[in-house]
Structure formats: structure tokens, C-alpha cells
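Below you'll find the structure, written out as C-alpha cells, and then a few comments.
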Amino acid sequence: MKTLNLKNRIKSVVLATAVVLATIAGSVNEANAQEVKNVVLVHGAFADGSGYKGVYEALTKRGYHVTVVQNPLTSLEDDVAATKLALDAQDGSAILAGHSWGGAVITQAGNHPKVAGLVYIAAFQPDNGESALKWFQTAQPAAENGVLPPNDKGIVYYDKAKFHAGFCADLSKEEAAFMYASQGAFYAKCFVNNITDAAWRVKPTFGIVATEDKSINPEIQRNMYKRSNTKVTEIKGSHAVYISQPEKVAAVIIQAAKEVSKK
């Protein structure tokens, strides 16, 4: 009789433990099922964060929390530091997206523990020991490309006469004029800074090819993304595709957020 009672007690304890564990597991699964809702956007050279307004609006109206980094464009190290500050401030996991030069920045900054996935928007995607310049030189620049040599202060600007056709041909002349006027001072050393810890090697990666790009040859984009097994979306647009096609760019970011969300 005592043995039977002991067995019953053990069964009760085991059952109660199982219920508790199941409840905990259910809670964990429910938490893991939450979609990544933070997005951090990094701009490139010859631009500033204001160009992300359309993408910001497309994402926020779908419930995403968006942070736009105003990177200083003074060096890879400085831009990465600015990006990591933005990532530190997130309340959970985030998608980290970068345009153009911003692709090199997110490649180095993307190993931050809060980064769940990367999105390259017509962007450079170097590997360890590589610079953005190395990839820029792998194809003949388009005739419209207006990247000028560094000035006496080591700053690279975009030729005003070529800015519209070379950088943002699918925007109005008025929009192009504003973009030219608001471009950041981009220091040439950024282009030659090598990546030391390429995040795309360990993080889920998505990329957008801007098929009408005259600043970064679309073939360069395709070759980088192919090497890294990036999930690619091609969008008909200029180098400033994130401005001219914000809904389509936002859709890729949302796709990334959904795919990296834990099930």
C-alpha cells in the first residue's frame, strides 16, 4: 500500500513537472514566434539619411520601428561605430540594411548581437581583407558615373554635372538637386578600408540589384551577391532605388524580417 502511494506521488510530481515544462516551452515558442520588428537603415556616400524617408514611411505604416543612421562618412571605423550605437538602442533583434557604401558598413557592423539579418540595397558587399574600392574597380564605370578623385582634403564628391544621370536618373531634377546639395563629405579612405569580419558569412543575407544603376555596375552587385549566396531581388531603378522605389525596397526588408523571425 505504501509502495502504491509512493508511485502515485511520483507520478503526480512527474505530471506536474511536465505541465510546468510544457508551459515554459509554450511561452518560449510564443516569444520566438514574434516577428523581428526593428529596422536600422544605413545610407551610403554622396547622400544622407533623409533619402530613406519613403522606406521609413512604408515600414512604419506596417508596424516596424525604424532607425536611420546618420553615419559621418569619415572612415569605415567611424561609420561602423555610429551604426553600432543605433543597434545598441534597439529593444530587440533588428534587420540592418545599407545602401551603396553603407553595404560595407553593415558588413562590418552586422556581427552586432542584435542583428538578425542583413539587406544590401545596390550596395557593396566586400569579404574579409577586401575594400569597396576593390569591387568598384572590377567593372568599367558607366559613362554617367560622376565619382570624382579626392580633393586636397581627401574628400570625394560626385560631379554635379553627372549627379542626376549617374546617381538618381529616375528622380526629378528638383529631387536630384536637393540630393546633390545635401550629400555628405565622403572621405576617400572609406573606400580603401578593408573589412575584417564580414557579417554576411554568418548572418542571413538579402540583396537588391538596381538594374539601371550607373554608379555601381549591376554586374558588380550580382557578382558580390552570387559569391555570398545572398537572396537577390532585382528592381528596375537607379542607384537611388531606395528613393525611387521605396515600397519595393521596403518589401525586401519586410521579407527579410519575416524569414529571420524565429519559428
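In the C-alpha cells, the first chain shown is A, the next is B, and so on; residue numbers restart at 1 for each chain, and ligands run from 1 in the order shown.
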- Within 8 Å of range 41-57 of chain A using only C-alpha atoms, minus same-chain residues under 4 positions, as a ChimeraX atom specification: /A:61,66-71,73,83,96-103,105-106,157-158,179-180,182-186,242-243,246-247,249-250
Using only N, CA, C and O atoms, please write the residues we just selected to a file, as a compact mmCIF listing (two decimals), in the first residue's frame.
# COMPACT_ATOMS: atom_id res chain seq x y z
N LYS A 61 4.31 52.26 -41.40
CA LYS A 61 2.87 52.06 -41.52
C LYS A 61 2.51 50.57 -41.45
O LYS A 61 1.33 50.23 -41.29
N VAL A 66 11.73 51.97 -37.02
CA VAL A 66 12.83 52.26 -37.94
C VAL A 66 13.77 53.31 -37.35
O VAL A 66 13.33 54.34 -36.84
N THR A 67 15.06 53.03 -37.45
CA THR A 67 16.09 53.99 -37.07
C THR A 67 16.97 54.26 -38.29
O THR A 67 17.42 53.32 -38.95
N VAL A 68 17.20 55.53 -38.59
CA VAL A 68 18.06 55.92 -39.71
C VAL A 68 19.38 56.44 -39.14
O VAL A 68 19.39 57.43 -38.40
N VAL A 69 20.46 55.79 -39.50
CA VAL A 69 21.78 56.19 -39.02
C VAL A 69 22.31 57.35 -39.87
O VAL A 69 22.25 57.30 -41.10
N GLN A 70 22.80 58.38 -39.21
CA GLN A 70 23.50 59.45 -39.93
C GLN A 70 25.00 59.20 -39.75
O GLN A 70 25.65 59.75 -38.88
N ASN A 71 25.52 58.32 -40.61
CA ASN A 71 26.93 57.98 -40.46
C ASN A 71 27.82 59.12 -40.97
O ASN A 71 27.50 59.79 -41.96
N LEU A 73 30.72 59.27 -42.51
CA LEU A 73 31.42 59.09 -43.79
C LEU A 73 32.89 59.49 -43.69
O LEU A 73 33.52 59.86 -44.69
N THR A 83 26.80 53.12 -36.48
CA THR A 83 25.78 52.09 -36.70
C THR A 83 25.58 51.24 -35.46
O THR A 83 24.44 50.91 -35.09
N LEU A 96 19.37 44.93 -40.42
CA LEU A 96 20.32 46.00 -40.70
C LEU A 96 20.46 46.11 -42.22
O LEU A 96 20.87 45.15 -42.88
N ALA A 97 20.10 47.27 -42.76
CA ALA A 97 20.12 47.46 -44.21
C ALA A 97 21.05 48.62 -44.57
O ALA A 97 21.11 49.63 -43.87
N GLY A 98 21.77 48.46 -45.69
CA GLY A 98 22.68 49.52 -46.11
C GLY A 98 22.64 49.73 -47.60
O GLY A 98 22.50 48.77 -48.38
N HIS A 99 22.74 50.99 -48.01
CA HIS A 99 22.76 51.35 -49.42
C HIS A 99 24.18 51.74 -49.84
O HIS A 99 24.87 52.44 -49.11
N SER A 100 24.61 51.26 -51.00
CA SER A 100 25.86 51.68 -51.61
C SER A 100 27.04 51.44 -50.67
O SER A 100 27.30 50.32 -50.25
N TRP A 101 27.78 52.52 -50.31
CA TRP A 101 28.86 52.40 -49.34
C TRP A 101 28.36 51.81 -48.02
O TRP A 101 29.08 51.10 -47.32
N GLY A 102 27.10 52.07 -47.70
CA GLY A 102 26.52 51.52 -46.48
C GLY A 102 26.58 50.00 -46.43
O GLY A 102 26.51 49.41 -45.34
N GLY A 103 26.72 49.35 -47.58
CA GLY A 103 26.88 47.90 -47.60
C GLY A 103 28.16 47.46 -46.93
O GLY A 103 28.20 46.45 -46.22
N VAL A 105 29.61 49.14 -44.62
CA VAL A 105 29.41 49.45 -43.19
C VAL A 105 28.64 48.31 -42.51
O VAL A 105 29.05 47.84 -41.43
N ILE A 106 27.54 47.85 -43.12
CA ILE A 106 26.76 46.80 -42.45
C ILE A 106 27.50 45.46 -42.48
O ILE A 106 27.27 44.61 -41.63
N TYR A 157 33.73 63.81 -53.90
CA TYR A 157 32.39 64.29 -54.23
C TYR A 157 31.95 63.69 -55.57
O TYR A 157 32.74 63.08 -56.29
N TYR A 158 30.67 63.86 -55.84
CA TYR A 158 30.10 63.40 -57.11
C TYR A 158 29.98 64.61 -58.03
O TYR A 158 29.53 65.69 -57.60
N MET A 179 19.34 66.36 -53.44
CA MET A 179 20.27 65.31 -53.03
C MET A 179 21.72 65.76 -53.19
O MET A 179 22.56 65.52 -52.31
N TYR A 180 22.01 66.40 -54.31
CA TYR A 180 23.38 66.88 -54.53
C TYR A 180 23.77 67.89 -53.44
O TYR A 180 24.87 67.84 -52.88
N SER A 182 22.68 68.14 -50.45
CA SER A 182 22.71 67.59 -49.09
C SER A 182 23.67 66.42 -48.92
O SER A 182 23.70 65.81 -47.86
N GLN A 183 24.45 66.11 -49.95
CA GLN A 183 25.36 64.97 -49.84
C GLN A 183 26.40 65.22 -48.76
O GLN A 183 26.83 66.35 -48.52
N GLY A 184 26.79 64.14 -48.08
CA GLY A 184 27.81 64.25 -47.05
C GLY A 184 29.20 64.35 -47.65
O GLY A 184 29.42 64.02 -48.81
N ALA A 185 30.13 64.83 -46.85
CA ALA A 185 31.54 64.86 -47.26
C ALA A 185 32.11 63.46 -47.07
O ALA A 185 32.32 63.01 -45.94
N PHE A 186 32.36 62.76 -48.16
CA PHE A 186 32.78 61.36 -48.11
C PHE A 186 34.30 61.27 -48.23
O PHE A 186 34.87 61.64 -49.26
N TYR A 242 16.30 53.14 -53.56
CA TYR A 242 15.61 53.22 -52.27
C TYR A 242 14.74 54.47 -52.17
O TYR A 242 13.82 54.52 -51.35
N ILE A 243 15.03 55.47 -53.01
CA ILE A 243 14.21 56.68 -53.05
C ILE A 243 13.13 56.56 -54.12
O ILE A 243 11.97 56.91 -53.89
N PRO A 246 10.60 53.06 -53.04
CA PRO A 246 10.65 52.76 -51.60
C PRO A 246 9.77 51.58 -51.18
O PRO A 246 10.15 50.82 -50.28
N GLU A 247 8.62 51.42 -51.80
CA GLU A 247 7.73 50.31 -51.43
C GLU A 247 8.37 48.97 -51.77
O GLU A 247 8.27 48.01 -50.99
N VAL A 249 11.62 48.36 -52.08
CA VAL A 249 12.75 48.15 -51.17
C VAL A 249 12.25 47.75 -49.79
O VAL A 249 12.79 46.82 -49.17
N ALA A 250 11.21 48.40 -49.31
CA ALA A 250 10.63 48.05 -48.01
C ALA A 250 10.13 46.61 -48.02
O ALA A 250 10.25 45.89 -47.02
- Message: Which residues are close to Ala169 in chain A, i.e. within 9 Å by only C-alpha atoms, leaving aside same-chain residues fewer than 5 positions away? Reply as JSON, numbers by chain.
- Response: {"A": [163, 164, 176, 212, 213, 214, 237, 238, 239, 240]}
Residue selection dump (C-alpha atoms) as a PDB file, in the first residue's frame:
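result.pdb written:
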ATOM      1  CA  PHE A 163      24.748  63.618 -60.460  1.00  0.00           C
ATOM      2  CA  HIS A 164      21.239  63.322 -61.875  1.00  0.00           C
ATOM      3  CA  ALA A 176      18.342  65.346 -57.694  1.00  0.00           C
ATOM      4  CA  GLU A 212      19.604  50.709 -64.070  1.00  0.00           C
ATOM      5  CA  ASP A 213      22.438  51.612 -61.686  1.00  0.00           C
ATOM      6  CA  LYS A 214      25.084  53.903 -63.202  1.00  0.00           C
ATOM      7  CA  GLY A 237      15.742  51.587 -60.717  1.00  0.00           C
ATOM      8  CA  SER A 238      18.743  53.885 -60.496  1.00  0.00           C
ATOM      9  CA  HIS A 239      21.426  53.779 -57.837  1.00  0.00           C
ATOM     10  CA  ALA A 240      18.941  55.716 -55.697  1.00  0.00           C
TER      11      ALA A 240
END
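Across A:Gly63, A:Gly129, A:Gly110, A:Gly117, the tightest approach to Ala86 in chain A is made by A:Gly110 when counting only C-alpha atoms.
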- Query: Taking the backbone alone, and naming residues the way the document does, which bits of range 34-147 of chain A are helix (DSSP H, G or I) by DSSP, as JSON, numbers by chain?
  - Reply: {"A": [49, 50, 51, 52, 53, 54, 55, 56, 57, 58, 59, 60, 76, 77, 78, 79, 80, 81, 82, 83, 84, 85, 86, 87, 88, 102, 103, 104, 105, 106, 107, 108, 109, 132, 133, 134, 135, 136]}
- Query: Which polymer residues have any atom within 6 Å of an atom of Gly166 in chain A, counting only C-alpha atoms, with same-chain residues fewer than 6 positions away left out, as a ChimeraX atom specification?
  - Reply: /A:144-145,214-215
Next, the residues of the selection above should be written as an mmCIF file, in the first residue's frame with N, CA, C and O atoms.
data_model
loop_
_atom_site.group_PDB
_atom_site.id
_atom_site.type_symbol
_atom_site.label_atom_id
_atom_site.label_comp_id
_atom_site.auth_asym_id
_atom_site.auth_seq_id
_atom_site.Cartn_x
_atom_site.Cartn_y
_atom_site.Cartn_z
ATOM 1 N N GLU A 144 27.947 57.721 -67.348
ATOM 2 C CA GLU A 144 27.244 58.681 -66.491
ATOM 3 C C GLU A 144 27.847 58.784 -65.093
ATOM 4 O O GLU A 144 27.503 59.685 -64.328
ATOM 5 N N ASN A 145 28.716 57.847 -64.738
ATOM 6 C CA ASN A 145 29.271 57.825 -63.388
ATOM 7 C C ASN A 145 30.082 59.088 -63.131
ATOM 8 O O ASN A 145 30.957 59.454 -63.917
ATOM 9 N N LYS A 214 23.941 53.356 -62.471
ATOM 10 C CA LYS A 214 25.084 53.903 -63.202
ATOM 11 C C LYS A 214 26.241 54.264 -62.271
ATOM 12 O O LYS A 214 27.271 54.775 -62.730
ATOM 13 N N SER A 215 26.066 54.025 -60.983
ATOM 14 C CA SER A 215 27.126 54.319 -60.019
ATOM 15 C C SER A 215 27.870 53.055 -59.599
ATOM 16 O O SER A 215 29.097 53.043 -59.539
#
- All residues 7 Å or closer to range 221-225 of chain A, only C-alpha atoms, same chain fewer than 6 positions away omitted, as a list in words: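 The contact residues come out as Ala122, Ala123, Gln125, Gly207 and Val209 of chain A.
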Fewer than 3 positions away in the same chain doesn't count, so skip those; otherwise give me all residues within 8 Å of Glu234 in chain A, counting only C-alpha atoms, as a CSV table (one decimal) with N, CA and C atoms, in the first residue's frame.
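File written: result25.csv
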chain,number,residue,atom,x,y,z
A,208,ILE,N,19.5,43.7,-53.0
A,208,ILE,CA,18.7,44.3,-54.1
A,208,ILE,C,19.7,44.7,-55.2
A,209,VAL,N,19.5,44.3,-56.4
A,209,VAL,CA,20.2,44.8,-57.5
A,209,VAL,C,19.4,45.9,-58.2
A,210,ALA,N,20.0,47.0,-58.3
A,210,ALA,CA,19.3,48.1,-59.1
A,210,ALA,C,19.7,48.0,-60.5
A,211,THR,N,18.8,47.6,-61.3
A,211,THR,CA,19.2,47.2,-62.7
A,211,THR,C,19.6,48.3,-63.6
- Query: Hey, what's within 9 Å of Gln90 in chain A if we count only C-alpha atoms and toss same-chain stuff fewer than 6 positions away? As a ChimeraX atom specification, please?
  - Reply: /A:38-40,65,67,114
- Residue with smallest distance to Ile95 in chain A - pool A:Asn194, A:Asn111, A:Thr138, A:Gln245, counting only C-alpha atoms: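 Nearest to Ile95 in chain A: A:Asn111.
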